[in-house]
$ cat upload_9.txt   # compact mmCIF, C-alpha atoms and all ligand atoms
# COMPACT_ATOMS: atom_id res chain seq x y z
CA MET A 1170 0.00 0.00 0.00
CA ASP A 1171 1.22 3.51 -0.77
CA SER A 1172 1.51 5.24 2.56
CA THR A 1173 2.66 8.52 1.00
CA VAL A 1174 -0.76 9.56 -0.32
CA GLY A 1175 -2.13 12.16 2.10
CA ALA A 1176 -5.47 13.82 2.76
CA PRO A 1177 -7.79 14.30 -0.25
CA GLN A 1178 -7.61 17.79 -1.76
CA GLY A 1179 -10.39 20.06 -2.95
CA VAL A 1180 -13.04 18.59 -0.67
CA ILE A 1181 -13.97 21.68 1.38
CA PRO A 1182 -17.35 23.22 0.39
CA ALA A 1183 -16.60 26.88 -0.43
CA ARG A 1184 -19.52 28.49 1.46
CA LEU A 1185 -19.80 26.13 4.44
CA LEU A 1186 -18.60 28.82 6.90
CA HIS A 1187 -19.59 31.87 4.87
CA GLY A 1188 -19.85 35.02 7.03
CA GLN A 1189 -18.13 33.51 10.08
CA LYS A 1190 -15.01 34.93 11.73
CA ALA A 1191 -12.37 32.49 12.89
CA LEU A 1192 -9.22 32.82 14.99
CA VAL A 1193 -6.56 30.13 14.78
CA THR A 1194 -3.66 30.28 17.24
CA GLY A 1195 -0.21 29.17 16.16
CA ALA A 1196 -1.36 29.44 12.56
CA ASN A 1197 1.89 30.17 10.76
CA SER A 1198 3.06 26.55 10.77
CA GLY A 1199 1.92 22.95 10.53
CA ILE A 1200 -1.62 22.07 11.60
CA GLY A 1201 -2.59 25.65 12.49
CA LYS A 1202 -1.57 26.90 9.07
CA ALA A 1203 -3.49 24.17 7.22
CA THR A 1204 -6.50 24.78 9.46
CA ALA A 1205 -6.50 28.54 8.92
CA ILE A 1206 -6.30 27.98 5.16
CA GLY A 1207 -9.05 25.34 5.34
CA LEU A 1208 -11.37 27.69 7.24
CA GLY A 1209 -10.67 30.39 4.64
CA ARG A 1210 -11.48 27.96 1.82
CA ALA A 1211 -14.78 27.26 3.58
CA GLY A 1212 -15.62 30.98 3.38
CA ALA A 1213 -14.66 32.20 6.86
CA ASP A 1214 -12.69 35.37 7.54
CA VAL A 1215 -9.59 34.27 9.43
CA VAL A 1216 -7.20 35.82 11.96
CA VAL A 1217 -3.83 34.08 11.79
CA ASN A 1218 -2.18 34.23 15.23
CA TYR A 1219 1.56 33.79 15.61
CA VAL A 1220 4.13 34.34 18.32
CA ALA A 1221 7.26 34.35 16.12
CA GLY A 1222 7.69 34.37 12.35
CA ARG A 1223 5.66 37.35 11.16
CA GLU A 1224 6.55 36.81 7.51
CA ALA A 1225 5.23 33.24 7.50
CA ALA A 1226 2.02 34.42 9.22
CA GLU A 1227 1.52 37.18 6.66
CA GLU A 1228 2.01 34.68 3.84
CA VAL A 1229 -0.72 32.48 5.31
CA ALA A 1230 -3.02 35.52 5.62
CA ALA A 1231 -2.30 36.52 2.02
CA GLU A 1232 -3.10 33.01 0.78
CA ILE A 1233 -6.40 33.07 2.69
CA ALA A 1234 -7.27 36.55 1.34
CA SER A 1235 -6.77 35.18 -2.19
CA PHE A 1236 -9.95 33.09 -1.66
CA GLY A 1237 -11.95 36.36 -1.46
CA VAL A 1238 -12.32 36.44 2.35
CA ARG A 1239 -10.68 38.73 4.92
CA SER A 1240 -7.55 37.69 6.76
CA ALA A 1241 -4.92 39.30 8.96
CA ALA A 1242 -1.93 38.16 11.01
CA TYR A 1243 -1.97 39.06 14.74
CA GLU A 1244 1.03 38.61 17.02
CA ALA A 1245 0.32 37.33 20.54
CA ASP A 1246 1.83 34.84 22.96
CA VAL A 1247 -1.15 32.72 24.00
CA SER A 1248 0.35 32.06 27.43
CA GLN A 1249 0.28 35.79 28.30
CA GLU A 1250 -3.08 37.01 29.57
CA ASP A 1251 -2.65 40.64 28.52
CA GLN A 1252 -1.66 39.63 24.99
CA VAL A 1253 -4.62 37.27 24.58
CA VAL A 1254 -7.05 39.91 25.85
CA ALA A 1255 -5.55 42.49 23.48
CA MET A 1256 -5.72 40.05 20.53
CA MET A 1257 -9.39 39.32 21.12
CA ASP A 1258 -10.21 43.03 21.56
CA ARG A 1259 -8.45 43.77 18.29
CA MET A 1260 -10.31 41.02 16.48
CA VAL A 1261 -13.67 42.29 17.68
CA ARG A 1262 -12.69 45.83 16.69
CA GLU A 1263 -11.37 44.94 13.25
CA PHE A 1264 -13.51 41.92 12.28
CA GLY A 1265 -16.65 42.73 14.27
CA THR A 1266 -16.80 39.54 16.33
CA ILE A 1267 -15.54 35.94 16.57
CA ASP A 1268 -17.56 32.81 15.72
CA ILE A 1269 -14.87 30.11 15.73
CA LEU A 1270 -11.81 29.74 17.96
CA VAL A 1271 -9.27 27.05 17.12
CA ALA A 1272 -6.96 26.87 20.16
CA ASN A 1273 -4.11 25.18 18.35
CA ALA A 1274 -0.82 26.70 19.52
CA GLY A 1275 1.37 24.16 21.23
CA LEU A 1276 4.91 22.98 21.75
CA GLN A 1277 7.05 20.21 23.21
CA ARG A 1278 10.02 20.42 25.59
CA ASP A 1279 10.96 16.74 25.91
CA ALA A 1280 13.07 15.18 28.67
CA SER A 1281 13.01 12.09 30.86
CA VAL A 1282 11.36 12.85 34.18
CA THR A 1283 14.59 13.00 36.18
CA GLU A 1284 16.12 15.40 33.65
CA MET A 1285 13.07 17.61 33.19
CA THR A 1286 13.49 21.11 34.57
CA LEU A 1287 10.68 23.07 36.14
CA ALA A 1288 11.07 25.55 33.29
CA GLN A 1289 10.43 22.77 30.71
CA TRP A 1290 7.40 21.55 32.64
CA GLN A 1291 6.02 25.06 33.12
CA LYS A 1292 6.53 26.25 29.55
CA VAL A 1293 4.54 23.36 28.10
CA ILE A 1294 1.71 23.73 30.62
CA ASP A 1295 1.66 27.52 30.10
CA VAL A 1296 1.33 27.34 26.31
CA ASN A 1297 -0.58 24.09 25.75
CA LEU A 1298 -3.07 24.31 28.62
CA THR A 1299 -3.17 27.83 30.09
CA GLY A 1300 -2.94 29.31 26.58
CA GLN A 1301 -6.02 27.37 25.49
CA PHE A 1302 -7.86 28.40 28.68
CA LEU A 1303 -7.12 32.09 28.14
CA CYS A 1304 -8.20 32.05 24.49
CA ALA A 1305 -11.34 30.04 25.28
CA ARG A 1306 -12.27 32.40 28.12
CA GLU A 1307 -11.96 35.50 25.97
CA ALA A 1308 -13.83 33.93 23.05
CA ALA A 1309 -16.63 32.76 25.37
CA LYS A 1310 -17.11 36.34 26.63
CA GLU A 1311 -17.69 37.56 23.07
CA PHE A 1312 -19.94 34.59 22.18
CA ARG A 1313 -22.05 35.35 25.27
CA ARG A 1314 -22.21 39.09 24.52
CA ARG A 1315 -23.33 38.50 20.92
CA GLY A 1316 -25.47 35.38 21.21
CA VAL A 1317 -26.83 33.39 18.26
CA VAL A 1318 -27.13 35.13 14.89
CA PRO A 1319 -29.33 32.68 12.96
CA ASP A 1320 -28.16 33.82 9.51
CA VAL A 1321 -24.58 33.05 10.50
CA SER A 1322 -24.74 29.83 12.54
CA ARG A 1323 -27.12 27.80 14.72
CA SER A 1324 -24.73 28.20 17.68
CA ALA A 1325 -23.45 31.28 19.47
CA GLY A 1326 -19.86 30.15 18.91
CA LYS A 1327 -17.53 27.23 18.53
CA ILE A 1328 -14.35 26.46 20.42
CA ILE A 1329 -12.14 23.71 19.06
CA CYS A 1330 -9.24 22.66 21.26
CA MET A 1331 -6.27 21.05 19.55
CA SER A 1332 -5.51 18.12 21.76
CA SER A 1333 -3.57 14.93 20.93
CA VAL A 1334 -3.87 11.17 21.16
CA HIS A 1335 -1.65 11.77 24.22
CA GLN A 1336 -4.67 13.04 26.12
CA ILE A 1337 -5.27 9.31 26.68
CA ILE A 1338 -2.03 7.55 25.62
CA PRO A 1339 0.74 7.92 28.23
CA TRP A 1340 4.04 9.04 26.66
CA ALA A 1341 7.31 8.30 28.44
CA GLY A 1342 9.82 11.11 28.10
CA HIS A 1343 7.06 13.66 27.52
CA VAL A 1344 5.33 13.95 30.90
CA ASN A 1345 4.80 17.71 30.51
CA TYR A 1346 3.20 17.35 27.06
CA ALA A 1347 0.99 14.36 27.92
CA SER A 1348 -0.15 16.10 31.13
CA SER A 1349 -0.98 19.27 29.21
CA LYS A 1350 -3.14 17.33 26.73
CA GLY A 1351 -4.82 15.32 29.49
CA GLY A 1352 -5.64 18.70 31.00
CA VAL A 1353 -7.00 19.94 27.68
CA GLN A 1354 -9.41 17.00 27.57
CA MET A 1355 -10.93 17.81 30.98
CA MET A 1356 -10.86 21.55 30.34
CA MET A 1357 -12.72 21.02 27.05
CA GLN A 1358 -15.37 18.78 28.61
CA THR A 1359 -15.89 21.13 31.55
CA LEU A 1360 -16.20 24.19 29.32
CA ALA A 1361 -18.57 22.27 27.06
CA GLN A 1362 -20.78 21.41 30.03
CA GLU A 1363 -20.68 24.99 31.33
CA LEU A 1364 -21.30 26.76 28.03
CA ALA A 1365 -23.67 24.43 26.15
CA PRO A 1366 -26.81 26.04 27.67
CA GLU A 1367 -25.70 29.28 26.00
CA LYS A 1368 -25.46 27.51 22.64
CA ILE A 1369 -21.67 27.59 22.68
CA ARG A 1370 -20.17 24.34 21.38
CA VAL A 1371 -16.81 23.25 22.76
CA ASN A 1372 -15.07 20.21 21.25
CA ALA A 1373 -11.58 18.93 20.60
CA VAL A 1374 -9.65 17.37 17.76
CA ALA A 1375 -6.99 14.86 18.79
CA PRO A 1376 -4.43 14.30 16.04
CA GLY A 1377 -2.31 11.18 15.90
CA ALA A 1378 1.00 11.48 14.03
CA ILE A 1379 0.87 14.37 11.58
CA LYS A 1380 3.85 15.51 9.48
CA THR A 1381 4.76 18.93 10.92
CA PRO A 1382 7.90 20.57 12.35
CA ILE A 1383 6.91 19.58 15.95
CA ASN A 1384 7.66 15.87 15.33
CA ARG A 1385 10.08 15.95 12.39
CA ALA A 1386 12.35 13.31 13.95
CA ALA A 1387 9.48 10.80 13.98
CA TRP A 1388 8.88 10.85 10.20
CA GLU A 1389 11.94 12.38 8.54
CA THR A 1390 13.92 9.22 7.76
CA PRO A 1391 12.53 6.01 6.17
CA GLU A 1392 13.53 4.05 9.33
CA ALA A 1393 11.72 6.47 11.63
CA GLN A 1394 8.65 6.42 9.36
CA LYS A 1395 8.62 2.59 9.38
CA ASP A 1396 8.67 2.57 13.19
CA LEU A 1397 5.91 5.15 13.29
CA LEU A 1398 3.70 3.21 10.87
CA ARG A 1399 3.73 0.27 13.27
CA LEU A 1400 1.54 2.47 15.49
CA ILE A 1401 -0.92 3.44 12.73
CA PRO A 1402 -3.38 0.76 11.50
CA TYR A 1403 -4.40 2.93 8.52
CA ASP A 1404 -0.78 2.71 7.32
CA ARG A 1405 -0.03 6.30 6.50
CA VAL A 1406 1.32 9.22 8.46
CA GLY A 1407 -1.24 12.03 8.62
CA ASP A 1408 -0.79 15.40 7.02
CA PRO A 1409 -2.01 18.78 8.25
CA ASP A 1410 -4.98 18.80 5.84
CA ASP A 1411 -6.36 15.69 7.56
CA ILE A 1412 -6.73 17.83 10.69
CA ALA A 1413 -7.90 20.94 8.82
CA HIS A 1414 -10.77 18.95 7.28
CA ALA A 1415 -11.88 17.68 10.69
CA VAL A 1416 -11.80 21.18 12.19
CA VAL A 1417 -13.78 22.71 9.32
CA ALA A 1418 -16.45 20.03 9.67
CA LEU A 1419 -16.60 20.35 13.46
CA ALA A 1420 -16.89 24.14 13.23
CA SER A 1421 -19.79 23.95 10.79
CA ASP A 1422 -23.50 23.55 11.46
CA LEU A 1423 -23.25 20.03 9.99
CA MET A 1424 -21.95 19.18 13.47
CA ASP A 1425 -24.37 21.41 15.41
CA TYR A 1426 -25.37 18.62 17.81
CA VAL A 1427 -21.76 17.64 18.58
CA VAL A 1428 -20.93 19.04 22.02
CA GLY A 1429 -18.07 18.11 24.36
CA THR A 1430 -16.60 15.45 22.09
CA THR A 1431 -13.06 14.64 21.09
CA LEU A 1432 -12.72 13.71 17.45
CA TYR A 1433 -9.67 11.47 17.11
CA VAL A 1434 -8.01 11.97 13.72
CA ASP A 1435 -5.27 9.41 14.03
CA GLY A 1436 -5.49 6.64 11.41
CA GLY A 1437 -6.51 4.30 14.23
CA MET A 1438 -3.59 4.98 16.57
CA THR A 1439 -5.92 4.89 19.58
CA LEU A 1440 -7.05 1.36 18.60
CA PHE A 1441 -3.93 0.05 20.41
CA PRO A 1442 -2.59 -1.76 17.31
CA GLY A 1443 -0.04 -3.62 19.47
CA PHE A 1444 -2.97 -5.82 20.50
CA ALA A 1445 -3.93 -6.72 16.91
CA THR A 1446 -1.87 -9.89 17.03
CA GLY A 1447 -1.30 -10.37 20.73
CA GLY A 1448 -2.62 -9.63 24.16
P1 LIG B 1501 4.09 23.31 14.83
O1 LIG B 1501 5.30 23.44 15.67
O2 LIG B 1501 4.21 23.32 13.36
O3 LIG B 1501 3.02 24.44 15.22
C1 LIG B 1501 2.85 24.94 16.50
C2 LIG B 1501 2.50 26.40 16.39
O4 LIG B 1501 2.24 26.94 17.69
C3 LIG B 1501 3.63 27.23 15.78
O5 LIG B 1501 3.08 28.15 14.87
C4 LIG B 1501 4.21 27.94 16.99
O6 LIG B 1501 4.84 29.16 16.68
C5 LIG B 1501 2.93 28.16 17.78
N1 LIG B 1501 3.18 28.55 19.16
C6 LIG B 1501 4.03 27.98 20.06
N2 LIG B 1501 4.01 28.66 21.21
C7 LIG B 1501 3.12 29.68 21.05
C8 LIG B 1501 2.66 30.73 21.87
N3 LIG B 1501 3.11 30.88 23.12
N4 LIG B 1501 1.73 31.59 21.38
C9 LIG B 1501 1.25 31.45 20.11
N5 LIG B 1501 1.67 30.48 19.29
C10 LIG B 1501 2.59 29.62 19.75
O7 LIG B 1501 3.40 21.97 15.33
P2 LIG B 1501 1.97 21.31 14.95
O8 LIG B 1501 2.23 19.88 14.85
O9 LIG B 1501 1.34 22.04 13.83
O10 LIG B 1501 1.19 21.56 16.31
C11 LIG B 1501 -0.06 22.21 16.38
C12 LIG B 1501 -0.89 21.61 17.51
O11 LIG B 1501 -1.19 20.24 17.18
C13 LIG B 1501 -0.19 21.57 18.88
O12 LIG B 1501 -1.13 21.88 19.89
C14 LIG B 1501 0.24 20.12 18.99
O13 LIG B 1501 0.36 19.71 20.32
C15 LIG B 1501 -0.91 19.42 18.28
N6 LIG B 1501 -0.60 18.05 17.83
C16 LIG B 1501 0.29 17.83 16.82
C17 LIG B 1501 0.54 16.51 16.41
C18 LIG B 1501 1.48 16.17 15.29
O14 LIG B 1501 1.70 14.96 15.05
N7 LIG B 1501 2.06 17.12 14.59
C19 LIG B 1501 -0.10 15.46 17.05
C20 LIG B 1501 -0.99 15.72 18.09
C21 LIG B 1501 -1.23 17.04 18.45

$ encode --input "upload_9.txt" --output "structure tokens"
Amino acid sequence: MDSTVGAPQGVIPARLLHGQKALVTGANSGIGKATAIGLGRAGADVVVNYVAGREAAEEVAAEIASFGVRSAAYEADVSQEDQVVAMMDRMVREFGTIDILVANAGLQRDASVTEMTLAQWQKVIDVNLTGQFLCAREAAKEFRRRGVVPDVSRSAGKIICMSSVHQIIPWAGHVNYASSKGGVQMMMQTLAQELAPEKIRVNAVAPGAIKTPINRAAWETPEAQKDLLRLIPYDRVGDPDDIAHAVVALASDLMDYVVGTTLYVDGGMTLFPGFATGG
């Protein structure tokens, strides 16, 4: 089987998210970039958040604008409360409101537990968990203020948390990262429970192994890729568009009754393939 063929192209309906305003954090690279572009293809206006790499962020915004929607690149560190508040204020000022938040920004600082510094632990929790909390809180305030606009969407707003299969699969050597994603799962479910009565839908997407800069070592060489494929029943490494497609669908009214769910987009990684022939 050819495991190099990635996500299908050209499958996003052009007006699915017409008139909606989306913010994607960490959108100048990898999954965030593909997701921002996917939302733009679906007709949403998109704010491309970045913390470093302005040029790359502006290129993403320019590509999105070429679809005939609005886009702009905003700098903000999602782990800094004042910067997140300022980013959301600016979006409301310049784009009018927000309908879709994709809390995607994330990073790894890997070390075995006895080698892991407090700074490595804290940085990952600050960005991956606290960053998502801050963005979700600010988006929820605007969703609540504005309420449902029936011509735009059946819900008052959508929050999509970028989690990981490591919200349920323990990961030796990555205790900070796995803990942050475990936290994202419970944060997402709790926010979903709290906000659903206000017609705000909170869900998560949990990618498996996707080819991006964050995990280059895991797919860069043929040997590494072979090892990785042992963990993926569907026999291909994912690409960022696989995740973008899931986010676009989840953000749309096609999924209006989906509340508090994690959509695993992992080629079956969470099926515990090690048990296929044993156990
Ligand atoms: P990536 O490194 O390409 O992208 C991460 C983005 O987050 C970058 O744009 C980076 O600049 C940004 N970022 C980091 N710290 C930030 C901060 N403080 N403020 C704002 N932005 C910040 O990696 P990716 O694979 O595209 O990762 C995106 C998300 O997907 C992460 O949450 C990651 O945990 C998750 N994820 C990725 C995989 C995978 O296999 N690639 C698997 C599961 C989950």

$ residues_near_ligand --input "upload_9.txt" --ligand "ligand LIG 1501 (chain B)" --cutoff "7 Å" --atoms "all atoms listed in the file" --output "NGL selection string"
:A and (1194-1201 or 1218-1221 or 1245-1248 or 1273-1276 or 1296-1297 or 1331-1334 or 1375-1384)

$ closest_residue --input "upload_9.txt" --among "A:Met1438, A:Val1229, A:Ala1373, A:Ile1294" --to "Leu1398 (chain A)" --atoms "only C-alpha atoms"
A:Met1438

$ closest_residue --input "upload_9.txt" --among "A:Gly1447, A:Lys1327, A:Met1257, A:Asp1410" --to "Phe1312 (chain A)" --atoms "only C-alpha atoms"
A:Lys1327

$ closest_residue --input "upload_9.txt" --among "A:Val1344, A:Val1321, A:Ala1231, A:Ala1308" --to "Ser1281 (chain A)" --atoms "only C-alpha atoms"
A:Val1344

$ closest_atom_pairs --input "upload_9.txt" --of "region 1315-1414 of chain A" --to "region 1430-1436 of chain A" --cutoff "12 Å" --atoms "all atoms listed in the file" --output "CSV"
residue,atom,partner,partner_atom,distance
A:Ile1328,CA,A:Thr1430,CA,11.4
A:Ile1329,CA,A:Thr1431,CA,9.3
A:Cys1330,CA,A:Thr1431,CA,8.9
A:Met1331,CA,A:Thr1431,CA,9.5
A:Ser1332,CA,A:Thr1431,CA,8.3
A:Ser1333,CA,A:Tyr1433,CA,8.0
A:Val1334,CA,A:Tyr1433,CA,7.1
A:His1335,CA,A:Tyr1433,CA,10.7
A:Gln1336,CA,A:Thr1431,CA,9.9
A:Ile1337,CA,A:Tyr1433,CA,10.8
A:Lys1350,CA,A:Thr1431,CA,11.7
A:Gly1351,CA,A:Thr1431,CA,11.8
A:Val1353,CA,A:Thr1431,CA,10.4
A:Gln1354,CA,A:Thr1431,CA,7.8
A:Met1355,CA,A:Thr1431,CA,10.6
A:Met1356,CA,A:Thr1431,CA,11.8
A:Met1357,CA,A:Thr1430,CA,8.4
A:Gln1358,CA,A:Thr1430,CA,7.4
A:Thr1359,CA,A:Thr1430,CA,11.1
A:Leu1360,CA,A:Thr1430,CA,11.3
A:Ala1361,CA,A:Thr1430,CA,8.7
A:Gln1362,CA,A:Thr1430,CA,10.8
A:Arg1370,CA,A:Thr1430,CA,9.6
A:Val1371,CA,A:Thr1430,CA,7.8
A:Asn1372,CA,A:Thr1430,CA,5.1
A:Ala1373,CA,A:Thr1431,CA,4.6
A:Val1374,CA,A:Leu1432,CA,4.8
A:Ala1375,CA,A:Tyr1433,CA,4.6
A:Pro1376,CA,A:Val1434,CA,4.9
A:Gly1377,CA,A:Asp1435,CA,3.9
A:Ala1378,CA,A:Asp1435,CA,6.6
A:Ile1379,CA,A:Asp1435,CA,8.3
A:Lys1380,CA,A:Asp1435,CA,11.9
A:Leu1397,CA,A:Gly1436,CA,11.6
A:Leu1398,CA,A:Gly1436,CA,9.8
A:Arg1399,CA,A:Gly1436,CA,11.4
A:Leu1400,CA,A:Gly1436,CA,9.1
A:Ile1401,CA,A:Gly1436,CA,5.7
A:Pro1402,CA,A:Gly1436,CA,6.2
A:Tyr1403,CA,A:Gly1436,CA,4.8
A:Asp1404,CA,A:Gly1436,CA,7.4
A:Arg1405,CA,A:Gly1436,CA,7.4
A:Val1406,CA,A:Gly1436,CA,7.9
A:Gly1407,CA,A:Asp1435,CA,7.2
A:Asp1408,CA,A:Asp1435,CA,10.3
A:Pro1409,CA,A:Val1434,CA,10.6
A:Asp1410,CA,A:Val1434,CA,10.9
A:Asp1411,CA,A:Val1434,CA,7.4
A:Ile1412,CA,A:Val1434,CA,6.7
A:Ala1413,CA,A:Val1434,CA,10.2
A:His1414,CA,A:Val1434,CA,9.9

$ write_last_selection --input "upload_9.txt" --atoms "C-alpha atoms" --output "mmCIF file, in the coordinates of the input"
data_model
loop_
_atom_site.group_PDB
_atom_site.id
_atom_site.type_symbol
_atom_site.label_atom_id
_atom_site.label_comp_id
_atom_site.auth_asym_id
_atom_site.auth_seq_id
_atom_site.Cartn_x
_atom_site.Cartn_y
_atom_site.Cartn_z
ATOM 1 C CA ILE A 1328 -14.350 26.460 20.420
ATOM 2 C CA ILE A 1329 -12.140 23.710 19.060
ATOM 3 C CA CYS A 1330 -9.240 22.660 21.260
ATOM 4 C CA MET A 1331 -6.270 21.050 19.550
ATOM 5 C CA SER A 1332 -5.510 18.120 21.760
ATOM 6 C CA SER A 1333 -3.570 14.930 20.930
ATOM 7 C CA VAL A 1334 -3.870 11.170 21.160
ATOM 8 C CA HIS A 1335 -1.650 11.770 24.220
ATOM 9 C CA GLN A 1336 -4.670 13.040 26.120
ATOM 10 C CA ILE A 1337 -5.270 9.310 26.680
ATOM 11 C CA LYS A 1350 -3.140 17.330 26.730
ATOM 12 C CA GLY A 1351 -4.820 15.320 29.490
ATOM 13 C CA VAL A 1353 -7.000 19.940 27.680
ATOM 14 C CA GLN A 1354 -9.410 17.000 27.570
ATOM 15 C CA MET A 1355 -10.930 17.810 30.980
ATOM 16 C CA MET A 1356 -10.860 21.550 30.340
ATOM 17 C CA MET A 1357 -12.720 21.020 27.050
ATOM 18 C CA GLN A 1358 -15.370 18.780 28.610
ATOM 19 C CA THR A 1359 -15.890 21.130 31.550
ATOM 20 C CA LEU A 1360 -16.200 24.190 29.320
ATOM 21 C CA ALA A 1361 -18.570 22.270 27.060
ATOM 22 C CA GLN A 1362 -20.780 21.410 30.030
ATOM 23 C CA ARG A 1370 -20.170 24.340 21.380
ATOM 24 C CA VAL A 1371 -16.810 23.250 22.760
ATOM 25 C CA ASN A 1372 -15.070 20.210 21.250
ATOM 26 C CA ALA A 1373 -11.580 18.930 20.600
ATOM 27 C CA VAL A 1374 -9.650 17.370 17.760
ATOM 28 C CA ALA A 1375 -6.990 14.860 18.790
ATOM 29 C CA PRO A 1376 -4.430 14.300 16.040
ATOM 30 C CA GLY A 1377 -2.310 11.180 15.900
ATOM 31 C CA ALA A 1378 1.000 11.480 14.030
ATOM 32 C CA ILE A 1379 0.870 14.370 11.580
ATOM 33 C CA LYS A 1380 3.850 15.510 9.480
ATOM 34 C CA LEU A 1397 5.910 5.150 13.290
ATOM 35 C CA LEU A 1398 3.700 3.210 10.870
ATOM 36 C CA ARG A 1399 3.730 0.270 13.270
ATOM 37 C CA LEU A 1400 1.540 2.470 15.490
ATOM 38 C CA ILE A 1401 -0.920 3.440 12.730
ATOM 39 C CA PRO A 1402 -3.380 0.760 11.500
ATOM 40 C CA TYR A 1403 -4.400 2.930 8.520
ATOM 41 C CA ASP A 1404 -0.780 2.710 7.320
ATOM 42 C CA ARG A 1405 -0.030 6.300 6.500
ATOM 43 C CA VAL A 1406 1.320 9.220 8.460
ATOM 44 C CA GLY A 1407 -1.240 12.030 8.620
ATOM 45 C CA ASP A 1408 -0.790 15.400 7.020
ATOM 46 C CA PRO A 1409 -2.010 18.780 8.250
ATOM 47 C CA ASP A 1410 -4.980 18.800 5.840
ATOM 48 C CA ASP A 1411 -6.360 15.690 7.560
ATOM 49 C CA ILE A 1412 -6.730 17.830 10.690
ATOM 50 C CA ALA A 1413 -7.900 20.940 8.820
ATOM 51 C CA HIS A 1414 -10.770 18.950 7.280
#

$ residues_around --input "upload_9.txt" --residues "region 1207-1214 of chain A" --least-positions-apart "4" --cutoff "7 Å" --atoms "all atoms listed in the file" --output "list in words"
Ile1181, Pro1182, Ala1183, Arg1184, Leu1185, Leu1186, His1187, Gly1188, Gln1189, Lys1190, Ala1191, Ala1203, Ile1233, Phe1236, Val1238, Arg1239, Ser1240, Ala1413, His1414 and Val1417 of chain A

$ atom_distance --input "upload_9.txt" --atom1 "CA of Pro1177 (chain A)" --atom2 "CA of Arg1323 (chain A)"
27.9 Å

$ residues_around --input "upload_9.txt" --residues "Val1293 (chain A)" --least-positions-apart "3" --cutoff "7 Å" --atoms "all atoms listed in the file" --output "compact mmCIF listing (two decimals) with C-alpha atoms, in the frame of the given file"
# COMPACT_ATOMS: atom_id res chain seq x y z
CA LEU A 1276 4.91 22.98 21.75
CA GLN A 1277 7.05 20.21 23.21
CA ARG A 1278 10.02 20.42 25.59
CA GLN A 1289 10.43 22.77 30.71
CA TRP A 1290 7.40 21.55 32.64
CA VAL A 1296 1.33 27.34 26.31
CA ASN A 1297 -0.58 24.09 25.75
CA ASN A 1345 4.80 17.71 30.51
CA TYR A 1346 3.20 17.35 27.06
CA SER A 1349 -0.98 19.27 29.21

$ atom_distance --input "upload_9.txt" --atom1 "CA of Ile1206 (chain A)" --atom2 "CA of Ala1230 (chain A)"
8.2 Å

$ residues_near_point --input "upload_9.txt" --point "(-7.6, 33.0, 11.1)" --cutoff "6 Å" --atoms "all atoms listed in the file" --output "PyMOL selection string"
chain A and resi 1191-1193+1205+1215-1217

$ atom_distance --input "upload_9.txt" --atom1 "CA of Arg1262 (chain A)" --atom2 "CA of Leu1298 (chain A)"
26.4 Å

$ axis_aligned_box --input "upload_9.txt" --around "region 1298-1305 of chain A" --padding-each-side "6 Å" --output "JSON"
{"center_x": -7.1, "center_y": 28.2, "center_z": 27.3, "size_x": 20.4, "size_y": 19.8, "size_z": 17.6}

$ residues_near_point --input "upload_9.txt" --point "(-28.7, 23.9, 23.6)" --cutoff "10 Å" --atoms "only C-alpha atoms" --output "NGL selection string"
:A and (1323-1325 or 1364-1370 or 1425-1426 or 1428)
